[in-house]
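Down below is the structure, laid out as structure tokens.
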Amino acid sequence: MPDGEYPEFYSFPPFFTIQPVEATKEKQLSLWNELIIQYYTIQKLNKILIVHECPLWYNKKIQRKLSKESIDIIMDNLIKSGRGEWIDTESKTTCRILWRKPEELATDIYEWAISSGNIAGGICTIYELHSGEDVHGMSFHGIDEDLLRRALKILEDDGKCTIFKGETSSEDGIKFY
Amino acid sequence: MQSAVDTIEKLQIKLTDFAKKHQSDIQDDPAFRQQFLQMCAPLGIDPLVSQKGFWAKTLGVGIGDFYYELSVKVAEVCFATRTKNGGIMAVSEVCDTLNKNKNKNYNNSNSRSKKEQQLYSQNDITIAVKKLSTLGGGFRTIKVGKSDMIVSVPTELDNDHMEIMTLAAAHENGGGGQPSGCITVDDIKQQLRWSNDTGRIDRAISLLLNEGMVWKDDYHGISFYWFPSVWKEKMDIM
């Protein structure tokens, strides 16, 4: 992320110490959530946070670094808020950042289907939904396939689409209603 | 005696004409506004309180309304940042925030608009806070070192808190151009006379922490206590 895009509080040294007072800590953790989501949203194609590699934990400019325990607290809070989920639930090293929750993505996809005329039209593939030309600039562009399938499952349960098996998984077809 | 009264009346009429003529300057130009208020004072006129009657008739939307609206905006800014700064915010920071917002709106609504300009002065903000203070709720300004701060919570700050805050504002953090706004227990012990009493320091610090006016920063085994309000002000100057 370019320097100017870091929020101001990222230069506030106490931001790197988990606050002893509950109300302040709550605020602090929600600011960390925003920062993580913002950071991983800019990296459009890979919304995966690897805990021991995440550059956010250390701000060289002010010489502040989160402790291991602090990182755990921040990650726990991220997961609880529904904005992140462990890919490896046991070892907890890799986290998928859900800058849109599956339910929100489902809404986005359905709105796109309406506005792009895909409703009651032809069938589009999974591949087209995450990497097709039509979805440029959409929230689900470049999205992880698992997550996309979860969003589609929500739409399917609502009777808003049907998923057909294709030759390969990314050729699975979707028809919107 | 009668002639003195006449003179005052004449001056009031002049002032009315003046106010009518320069209505838009009074509303839009902070320096002009301040001078106008200074002209009114010796004549016993406070346009800020005479919303009904004389000035409302003279100015249409009175200058009292101007400050009334401004004080609502000041309150909004203070409330919106309360969870981050515990309800303390520099007058200059509030002023900057409002001027930025206002300029943004101008630029959106009118593409040929004036370039960025100061619409509110710090003096305006202080007057607006005074208006708010009459409503209760604890709004007030306090002096911290060279800065004026707005407090938007009813929490009582005693002398100890004020001294700690003033010290933090003056404290240059290890040189190196780092912004000040932080303080350690040792700083307090060394620099404030009352501070051999550790219990007293702890009580002061824990109130400030509990109110969110101070954030804790553990660094190399030392606890630094930071005032977001002071830190923010220094950051903006840099």
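In the structure tokens, chains take the letters A, B, ... in the order shown, each chain's residues start at 1, and ligands count up from 1 in the order shown.
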With 7 Å as the limit and counting only C-alpha atoms, what residues in chain B lie close to chain A? Please list them as a ChimeraX atom specification. /B:83,209-210,212,215-218
Per DSSP on the backbone, what are the helix (DSSP H, G or I) residues of segment 115-204 of chain B, as a compact mmCIF listing (two decimals) with N, CA, C and O atoms, in the first residue's frame?
# COMPACT_ATOMS: atom_id res chain seq x y z
N GLN B 122 -10.20 29.80 14.29
CA GLN B 122 -10.20 29.13 15.58
C GLN B 122 -11.02 29.92 16.59
O GLN B 122 -11.64 29.34 17.48
N ASN B 123 -11.03 31.22 16.40
CA ASN B 123 -11.85 32.06 17.26
C ASN B 123 -13.35 31.73 17.13
O ASN B 123 -14.08 31.66 18.11
N ASP B 124 -13.77 31.50 15.88
CA ASP B 124 -15.17 31.10 15.65
C ASP B 124 -15.49 29.82 16.41
O ASP B 124 -16.55 29.68 17.02
N ILE B 125 -14.55 28.86 16.32
CA ILE B 125 -14.78 27.57 16.98
C ILE B 125 -14.93 27.78 18.49
O ILE B 125 -15.82 27.21 19.12
N THR B 126 -14.07 28.62 19.05
CA THR B 126 -14.14 28.87 20.49
C THR B 126 -15.47 29.51 20.88
O THR B 126 -16.07 29.13 21.90
N ILE B 127 -15.94 30.45 20.08
CA ILE B 127 -17.24 31.07 20.36
C ILE B 127 -18.35 30.02 20.30
O ILE B 127 -19.23 29.96 21.16
N ALA B 128 -18.26 29.14 19.29
CA ALA B 128 -19.27 28.09 19.14
C ALA B 128 -19.29 27.17 20.37
O ALA B 128 -20.35 26.77 20.84
N VAL B 129 -18.10 26.85 20.88
CA VAL B 129 -18.03 25.98 22.06
C VAL B 129 -18.66 26.68 23.26
O VAL B 129 -19.35 26.05 24.07
N LYS B 130 -18.46 27.99 23.37
CA LYS B 130 -19.08 28.74 24.48
C LYS B 130 -20.59 28.61 24.42
O LYS B 130 -21.26 28.45 25.43
N LYS B 131 -21.13 28.69 23.21
CA LYS B 131 -22.57 28.52 23.04
C LYS B 131 -23.01 27.13 23.50
O LYS B 131 -24.03 26.96 24.15
N LEU B 132 -22.19 26.14 23.15
CA LEU B 132 -22.53 24.77 23.53
C LEU B 132 -22.48 24.59 25.04
O LEU B 132 -23.27 23.84 25.62
N SER B 133 -21.54 25.29 25.68
CA SER B 133 -21.35 25.09 27.11
C SER B 133 -22.60 25.51 27.89
O SER B 133 -22.89 24.95 28.94
N ASN B 159 -6.41 19.39 38.50
CA ASN B 159 -5.10 19.97 38.24
C ASN B 159 -4.06 18.94 37.82
O ASN B 159 -3.25 19.19 36.93
N ASP B 160 -4.08 17.79 38.47
CA ASP B 160 -3.10 16.74 38.15
C ASP B 160 -3.22 16.32 36.70
O ASP B 160 -2.21 16.21 35.98
N HIS B 161 -4.45 16.08 36.26
CA HIS B 161 -4.64 15.67 34.86
C HIS B 161 -4.14 16.74 33.91
O HIS B 161 -3.47 16.45 32.92
N MET B 162 -4.46 17.99 34.25
CA MET B 162 -4.06 19.08 33.38
C MET B 162 -2.54 19.22 33.31
O MET B 162 -1.98 19.46 32.25
N GLU B 163 -1.92 19.04 34.45
CA GLU B 163 -0.45 19.16 34.46
C GLU B 163 0.20 18.06 33.64
O GLU B 163 1.17 18.29 32.90
N ILE B 164 -0.34 16.85 33.76
CA ILE B 164 0.21 15.73 32.99
C ILE B 164 0.05 15.98 31.50
O ILE B 164 0.97 15.79 30.70
N MET B 165 -1.12 16.46 31.15
CA MET B 165 -1.39 16.72 29.73
C MET B 165 -0.48 17.84 29.19
O MET B 165 0.04 17.74 28.07
N THR B 166 -0.31 18.86 29.99
CA THR B 166 0.54 19.97 29.57
C THR B 166 1.98 19.49 29.38
O THR B 166 2.66 19.85 28.43
N LEU B 167 2.41 18.65 30.30
CA LEU B 167 3.76 18.11 30.21
C LEU B 167 3.93 17.26 28.94
O LEU B 167 4.93 17.36 28.23
N ALA B 168 2.90 16.45 28.67
CA ALA B 168 2.95 15.61 27.46
C ALA B 168 3.01 16.47 26.21
O ALA B 168 3.70 16.14 25.25
N ALA B 169 2.30 17.58 26.24
CA ALA B 169 2.27 18.45 25.06
C ALA B 169 3.62 19.13 24.84
O ALA B 169 4.02 19.42 23.72
N ALA B 170 4.34 19.34 25.94
CA ALA B 170 5.62 20.04 25.84
C ALA B 170 6.76 19.07 25.60
O ALA B 170 7.84 19.45 25.18
N VAL B 185 5.69 7.56 33.43
CA VAL B 185 5.57 7.83 34.86
C VAL B 185 6.85 8.51 35.38
O VAL B 185 6.79 9.43 36.20
N ASP B 186 7.98 8.09 34.85
CA ASP B 186 9.24 8.72 35.27
C ASP B 186 9.30 10.20 34.91
O ASP B 186 9.78 11.01 35.69
N ASP B 187 8.81 10.54 33.71
CA ASP B 187 8.75 11.95 33.33
C ASP B 187 7.98 12.74 34.38
O ASP B 187 8.39 13.83 34.78
N ILE B 188 6.85 12.18 34.76
CA ILE B 188 5.99 12.89 35.72
C ILE B 188 6.72 13.06 37.04
O ILE B 188 6.73 14.14 37.63
N LYS B 189 7.35 11.98 37.49
CA LYS B 189 8.07 12.03 38.76
C LYS B 189 9.15 13.10 38.74
O LYS B 189 9.34 13.84 39.70
N GLN B 190 9.86 13.16 37.62
CA GLN B 190 10.98 14.08 37.56
C GLN B 190 10.55 15.53 37.42
O GLN B 190 11.20 16.43 37.92
N GLN B 191 9.45 15.74 36.72
CA GLN B 191 9.17 17.11 36.33
C GLN B 191 8.05 17.81 37.07
O GLN B 191 7.93 19.02 37.00
N THR B 198 3.37 8.10 44.30
CA THR B 198 3.10 7.22 43.15
C THR B 198 1.61 6.93 43.02
O THR B 198 1.08 6.83 41.91
N GLY B 199 0.94 6.80 44.15
CA GLY B 199 -0.49 6.54 44.12
C GLY B 199 -1.25 7.64 43.39
O GLY B 199 -2.17 7.38 42.60
N ARG B 200 -0.80 8.85 43.61
CA ARG B 200 -1.45 10.00 42.97
C ARG B 200 -1.25 9.96 41.46
O ARG B 200 -2.18 10.24 40.69
N ILE B 201 -0.04 9.59 41.04
CA ILE B 201 0.23 9.47 39.60
C ILE B 201 -0.65 8.37 39.00
O ILE B 201 -1.29 8.58 37.97
N ASP B 202 -0.68 7.22 39.70
CA ASP B 202 -1.48 6.11 39.18
C ASP B 202 -2.95 6.48 39.04
O ASP B 202 -3.58 6.14 38.04
N ARG B 203 -3.46 7.19 40.05
CA ARG B 203 -4.87 7.58 40.00
C ARG B 203 -5.13 8.48 38.80
O ARG B 203 -6.11 8.29 38.07
N ALA B 204 -4.25 9.43 38.60
CA ALA B 204 -4.43 10.37 37.48
C ALA B 204 -4.37 9.64 36.15
O ALA B 204 -5.23 9.81 35.29
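Going from atom CA of Val74 of chain B over to atom CA of Val94 of chain B, you cover 6.9 Å.
Counting from atom CA of Asp25 of chain B, the distance to atom CA of Thr134 of chain B is 27.4 Å.
Here the question is which of A:Pro7, A:Pro55, A:Gly82, A:Pro102 gets nearest to Glu145 of chain A using only C-alpha atoms, and that residue is A:Pro102.
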Need to verify the contact set: Ala90 of chain B, 12 Å, only C-alpha atoms, exclusion of same-chain residues closer than 3 positions in sequence. Can you return it as a VMD selection string? chain B and resid 74 77 to 78 81 85 87 93 to 97 122 125 to 126 140 to 152 169 227 to 237
Can you write out the residues you just picked, keeping C-alpha atoms, as a PDB file, in the first residue's frame?
ATOM      1  CA  VAL B  74     -18.435  21.354  16.230  1.00  0.00           C
ATOM      2  CA  VAL B  77     -17.038  16.441  14.949  1.00  0.00           C
ATOM      3  CA  CYS B  78     -16.315  16.014  18.657  1.00  0.00           C
ATOM      4  CA  THR B  81     -14.083  11.150  17.237  1.00  0.00           C
ATOM      5  CA  ASN B  85      -9.640  10.618  21.684  1.00  0.00           C
ATOM      6  CA  GLY B  87     -13.536  13.566  24.073  1.00  0.00           C
ATOM      7  CA  GLU B  93      -7.979  20.146  14.620  1.00  0.00           C
ATOM      8  CA  VAL B  94     -11.732  20.768  14.773  1.00  0.00           C
ATOM      9  CA  CYS B  95     -11.209  23.918  12.745  1.00  0.00           C
ATOM     10  CA  ASP B  96      -9.211  22.082  10.062  1.00  0.00           C
ATOM     11  CA  THR B  97     -11.742  19.286   9.864  1.00  0.00           C
ATOM     12  CA  GLN B 122     -10.198  29.128  15.583  1.00  0.00           C
ATOM     13  CA  ILE B 125     -14.780  27.565  16.984  1.00  0.00           C
ATOM     14  CA  THR B 126     -14.136  28.874  20.491  1.00  0.00           C
ATOM     15  CA  ARG B 140     -15.719  23.582  27.271  1.00  0.00           C
ATOM     16  CA  THR B 141     -12.294  24.645  26.139  1.00  0.00           C
ATOM     17  CA  ILE B 142      -9.177  24.184  28.208  1.00  0.00           C
ATOM     18  CA  LYS B 143      -5.692  25.515  27.825  1.00  0.00           C
ATOM     19  CA  VAL B 144      -2.945  22.912  27.435  1.00  0.00           C
ATOM     20  CA  GLY B 145       0.432  24.511  27.077  1.00  0.00           C
ATOM     21  CA  LYS B 146       0.103  26.725  24.039  1.00  0.00           C
ATOM     22  CA  SER B 147      -2.903  24.925  22.640  1.00  0.00           C
ATOM     23  CA  ASP B 148      -6.617  25.250  23.196  1.00  0.00           C
ATOM     24  CA  MET B 149      -8.450  21.986  23.527  1.00  0.00           C
ATOM     25  CA  ILE B 150     -12.152  21.254  23.386  1.00  0.00           C
ATOM     26  CA  VAL B 151     -13.457  18.844  25.986  1.00  0.00           C
ATOM     27  CA  SER B 152     -16.786  17.305  25.001  1.00  0.00           C
ATOM     28  CA  ALA B 169       2.271  18.450  25.062  1.00  0.00           C
ATOM     29  CA  PHE B 227      -2.807  11.693  24.313  1.00  0.00           C
ATOM     30  CA  PRO B 228      -4.335  11.183  20.853  1.00  0.00           C
ATOM     31  CA  SER B 229      -5.601  14.762  20.961  1.00  0.00           C
ATOM     32  CA  VAL B 230      -2.135  16.235  21.499  1.00  0.00           C
ATOM     33  CA  TRP B 231      -0.437  13.792  19.141  1.00  0.00           C
ATOM     34  CA  LYS B 232      -2.918  14.555  16.397  1.00  0.00           C
ATOM     35  CA  GLU B 233      -2.437  18.274  16.692  1.00  0.00           C
ATOM     36  CA  LYS B 234       1.338  17.997  16.427  1.00  0.00           C
ATOM     37  CA  MET B 235       1.032  15.614  13.478  1.00  0.00           C
ATOM     38  CA  ASP B 236      -1.036  18.133  11.561  1.00  0.00           C
ATOM     39  CA  ILE B 237       1.497  20.854  12.124  1.00  0.00           C
TER      40      ILE B 237
END
Fewer than 5 positions away in the same chain doesn't count, so skip those; otherwise give me all residues within 10 Å of segment 163-177 of chain A, counting only C-alpha atoms, as number ranges by chain. A: 109-110, 113-114, 117-130, 145, 149, 152-153, 155-156
Generate the output file for the selected residues, N, CA, C and O atoms, as a CSV table (one decimal), in the first residue's frame.
chain,number,residue,atom,x,y,z
A,109,ILE,N,-23.6,-10.4,-6.8
A,109,ILE,CA,-23.7,-11.2,-8.0
A,109,ILE,C,-25.0,-11.1,-8.6
A,109,ILE,O,-25.2,-11.0,-9.8
A,110,TYR,N,-26.1,-11.2,-7.7
A,110,TYR,CA,-27.4,-11.2,-8.3
A,110,TYR,C,-27.7,-9.8,-8.9
A,110,TYR,O,-28.3,-9.7,-10.0
A,113,ALA,N,-26.1,-9.8,-12.2
A,113,ALA,CA,-26.9,-10.6,-13.2
A,113,ALA,C,-28.1,-9.8,-13.7
A,113,ALA,O,-28.3,-9.9,-14.9
A,114,ILE,N,-28.7,-9.1,-12.9
A,114,ILE,CA,-29.9,-8.3,-13.3
A,114,ILE,C,-29.4,-7.2,-14.3
A,114,ILE,O,-29.9,-7.1,-15.4
A,117,GLY,N,-28.0,-8.3,-17.7
A,117,GLY,CA,-28.9,-9.0,-18.6
A,117,GLY,C,-28.7,-10.5,-18.6
A,117,GLY,O,-29.1,-11.2,-19.5
A,118,ASN,N,-28.1,-11.0,-17.6
A,118,ASN,CA,-27.8,-12.4,-17.5
A,118,ASN,C,-29.0,-13.2,-16.9
A,118,ASN,O,-29.1,-14.4,-17.0
A,119,ILE,N,-30.0,-12.4,-16.4
A,119,ILE,CA,-31.1,-13.1,-15.8
A,119,ILE,C,-32.0,-13.7,-17.0
A,119,ILE,O,-32.2,-13.0,-18.0
A,120,ALA,N,-32.4,-14.9,-16.8
A,120,ALA,CA,-33.2,-15.6,-17.8
A,120,ALA,C,-32.6,-15.6,-19.2
A,120,ALA,O,-33.2,-15.8,-20.2
A,121,GLY,N,-31.3,-15.3,-19.2
A,121,GLY,CA,-30.5,-15.3,-20.4
A,121,GLY,C,-29.8,-16.6,-20.5
A,121,GLY,O,-30.2,-17.7,-20.0
A,122,GLY,N,-28.6,-16.6,-21.1
A,122,GLY,CA,-27.8,-17.8,-21.2
A,122,GLY,C,-27.2,-18.2,-19.9
A,122,GLY,O,-27.5,-17.7,-18.9
A,123,ILE,N,-26.3,-19.2,-20.0
A,123,ILE,CA,-25.7,-19.7,-18.9
A,123,ILE,C,-24.2,-19.1,-18.8
A,123,ILE,O,-23.6,-19.1,-19.9
A,124,CYS,N,-23.8,-18.7,-17.7
A,124,CYS,CA,-22.4,-18.3,-17.6
A,124,CYS,C,-21.6,-19.3,-16.7
A,124,CYS,O,-22.2,-20.0,-15.9
A,125,THR,N,-20.3,-19.3,-16.9
A,125,THR,CA,-19.6,-20.3,-16.1
A,125,THR,C,-19.0,-19.7,-14.9
A,125,THR,O,-18.9,-18.4,-14.8
A,126,ILE,N,-18.5,-20.5,-14.0
A,126,ILE,CA,-17.8,-20.1,-12.8
A,126,ILE,C,-16.7,-19.2,-13.2
A,126,ILE,O,-16.4,-18.2,-12.6
A,127,TYR,N,-15.9,-19.7,-14.2
A,127,TYR,CA,-14.7,-18.9,-14.6
A,127,TYR,C,-15.1,-17.5,-15.0
A,127,TYR,O,-14.5,-16.5,-14.6
A,128,GLU,N,-16.2,-17.4,-15.8
A,128,GLU,CA,-16.6,-16.1,-16.3
A,128,GLU,C,-17.0,-15.2,-15.1
A,128,GLU,O,-16.8,-14.0,-15.2
A,129,LEU,N,-17.5,-15.8,-14.1
A,129,LEU,CA,-18.0,-15.0,-13.0
A,129,LEU,C,-16.8,-14.4,-12.2
A,129,LEU,O,-16.9,-13.3,-11.6
A,130,HIS,N,-15.7,-15.1,-12.1
A,130,HIS,CA,-14.6,-14.5,-11.3
A,130,HIS,C,-13.5,-13.9,-12.2
A,130,HIS,O,-12.8,-13.1,-11.7
A,145,GLU,N,-12.4,-19.2,-5.7
A,145,GLU,CA,-13.6,-20.0,-6.3
A,145,GLU,C,-14.4,-20.6,-5.1
A,145,GLU,O,-15.7,-20.7,-5.3
A,149,ARG,N,-18.4,-20.1,-4.8
A,149,ARG,CA,-19.4,-21.2,-4.8
A,149,ARG,C,-20.3,-21.0,-3.6
A,149,ARG,O,-21.5,-21.4,-3.6
A,152,LEU,N,-22.9,-18.5,-4.4
A,152,LEU,CA,-23.8,-19.0,-5.4
A,152,LEU,C,-24.8,-20.0,-4.7
A,152,LEU,O,-26.0,-20.1,-5.1
A,153,LYS,N,-24.3,-20.7,-3.8
A,153,LYS,CA,-25.1,-21.7,-3.0
A,153,LYS,C,-26.2,-20.9,-2.3
A,153,LYS,O,-27.4,-21.4,-2.3
A,155,LEU,N,-27.6,-18.1,-3.3
A,155,LEU,CA,-28.5,-17.8,-4.3
A,155,LEU,C,-29.4,-19.0,-4.8
A,155,LEU,O,-30.6,-18.9,-5.0
A,156,GLU,N,-28.7,-20.1,-4.9
A,156,GLU,CA,-29.4,-21.3,-5.3
A,156,GLU,C,-30.5,-21.7,-4.3
A,156,GLU,O,-31.6,-22.0,-4.6
Hey, what does DSSP flag as strand (DSSP E or B) within segment 67-117 of chain A? Can you give it to me as a PyMOL selection string? chain A and resi 84-86+94-97
Could you save the residues just selected, with C-alpha atoms, as a PDB file, in the first residue's frame?
ATOM      1  CA  GLY A  84     -11.834 -13.481   8.018  1.00  0.00           C
ATOM      2  CA  GLU A  85     -11.705 -17.246   8.221  1.00  0.00           C
ATOM      3  CA  TRP A  86      -8.906 -19.705   8.765  1.00  0.00           C
ATOM      4  CA  THR A  94      -3.373 -18.669   6.891  1.00  0.00           C
ATOM      5  CA  CYS A  95      -6.501 -16.595   6.815  1.00  0.00           C
ATOM      6  CA  ARG A  96      -8.816 -15.687   3.994  1.00  0.00           C
ATOM      7  CA  ILE A  97      -9.941 -12.079   4.192  1.00  0.00           C
TER       8      ILE A  97
END
